[in-house]
Amino acid sequence: MILKGALIMEIKRIGIAGAGTMGYSMADIFASYGFDVTLWNHRKPTLERAKTLISETSRDKIHYTTNLEDIAHLDIVIENVTEDMAIKEGFYESFCKMADADMILATNTSGLSINALAQFVTHRERFLGMHWFNPPTLILLIEIIKNDETCQDVAEAVRDLARTIGKKPVIVNKDVLGFAANRIQLAVVREALSLVKKGVVSAEDIDAVMKYGLAFRWACIGPLETMDFGGIDTFYHVSSYLMKDLDDSHEIPTLLKEHYEKGELGVKTKKGFYDYSNGKDKEATERRNEKLLKVFNVLYKTL
């Protein structure tokens with residue numbers, strides 16, 4: 001039971017709409033914490049595949065359905081359908097006709113406007129974003145994004161739900177493009193690609209700058225804490241001459257565009273900024289997951 005002032009929200013029954021990677025992972029996590037979970041997908045083969053990927057301890061605790069009505073009367077439903085505005089509009093228009101008025105409806109969109117999506121929802125005050133990060137089993141952050149009409153108690157109830165499953169949620173009070181995390185990520189990516197494009201540093205070395213310097217430190221303290229430790233006066237003086245020299249382009253970075261137009265999309269196509277052919281894609285994925293798990297165990301497992 002989640003208590004917020006005079007408002008009581010008892011979240012026990014959770015629906016997940018969409019059984020892709022994020023959807024079945026959410027269902028797995030919630031079930032492992034004892035929640036009553038129903039996983040919906042309009043294609044039965046997708047549901048059957050999801051069952052094979054969910055942990056054995058959670059698999060039989062989850063209800064699986066292709067009937068939308070089965071998730072229409074729960075406490076909260078988290079939508080994970082295809083990241084396409086038209087597809088989400090169709091889902092909401094069908095779902096809201098049958099959903100209970102007091103249900104919380106959340107979307108796991110990673111970039112679509114919460115305000116825009118809210119136009120297709122019946123009770124906008126109970127609708128918000130709940131943005132998980134991949135892999136959801138390891139990444140603790142969840143962004144909770146309010147639309148202009150989201151009730152604060154609803155946002156706080158979803159934040160408390162995320163805390164119940166061991167996550168570290170943040171509330172994004174205003175719906176801005178990219179929310180908080182992706183805005184910061186793309187700002188870093190823009191400068192990193194600019195430095196590589198100008199020949200200042202290689203792709204390998206710009207990744208090293210992040211892995212062994214900035215990201216290593218930011219895993220322990222955030223950028224604002226870093227300024228407190230480094231001295232706000234120091235950052236002030238550096239900003240006085242460096243800000244004007246940073247890349248401030250509003251266009252898609254040239255190197256990003258070049259790889260995209262060549263169809264070099266990274267691990268999924270076995271080539272991006274690095275080569276993933278001849279099994280290197282599997283090796284790189286396993287290496288990434290192993291490192292994430294080690295960092296998680298050292299820094300966050302006991303939190």
# chains A, B, ... in the order shown; residues from 1 in each chain; ligands from 1

call {"tool": "residues_around", "arguments": {"residues": "Ser25 (chain A)", "least_positions_apart": "2", "cutoff": "12 Å", "atoms": "only C-alpha atoms", "output": "ChimeraX atom specification"}}
result
/A:16-23,27-32,37,39,50-55,58-59,62,80,132-139

call {"tool": "select_by_dssp", "arguments": {"residues": "region 37-176 of chain A", "states": "strand (DSSP E)", "output": "PyMOL selection string"}}
result
chain A and resi 37-40+62-65+76-79+104-107+127-131+141-146+168-172

call {"tool": "closest_residue", "arguments": {"among": "A:His250, A:Leu161, A:Lys211, A:Ala106", "to": "Lys291 (chain A)", "atoms": "only C-alpha atoms"}}
result
A:Lys211

call {"tool": "atom_distance", "arguments": {"atom1": "CA of Asp281 (chain A)", "atom2": "CA of Thr82 (chain A)"}}
result
24.6 Å

call {"tool": "atom_distance", "arguments": {"atom1": "CA of Ile206 (chain A)", "atom2": "CA of Arg190 (chain A)"}}
result
11.9 Å
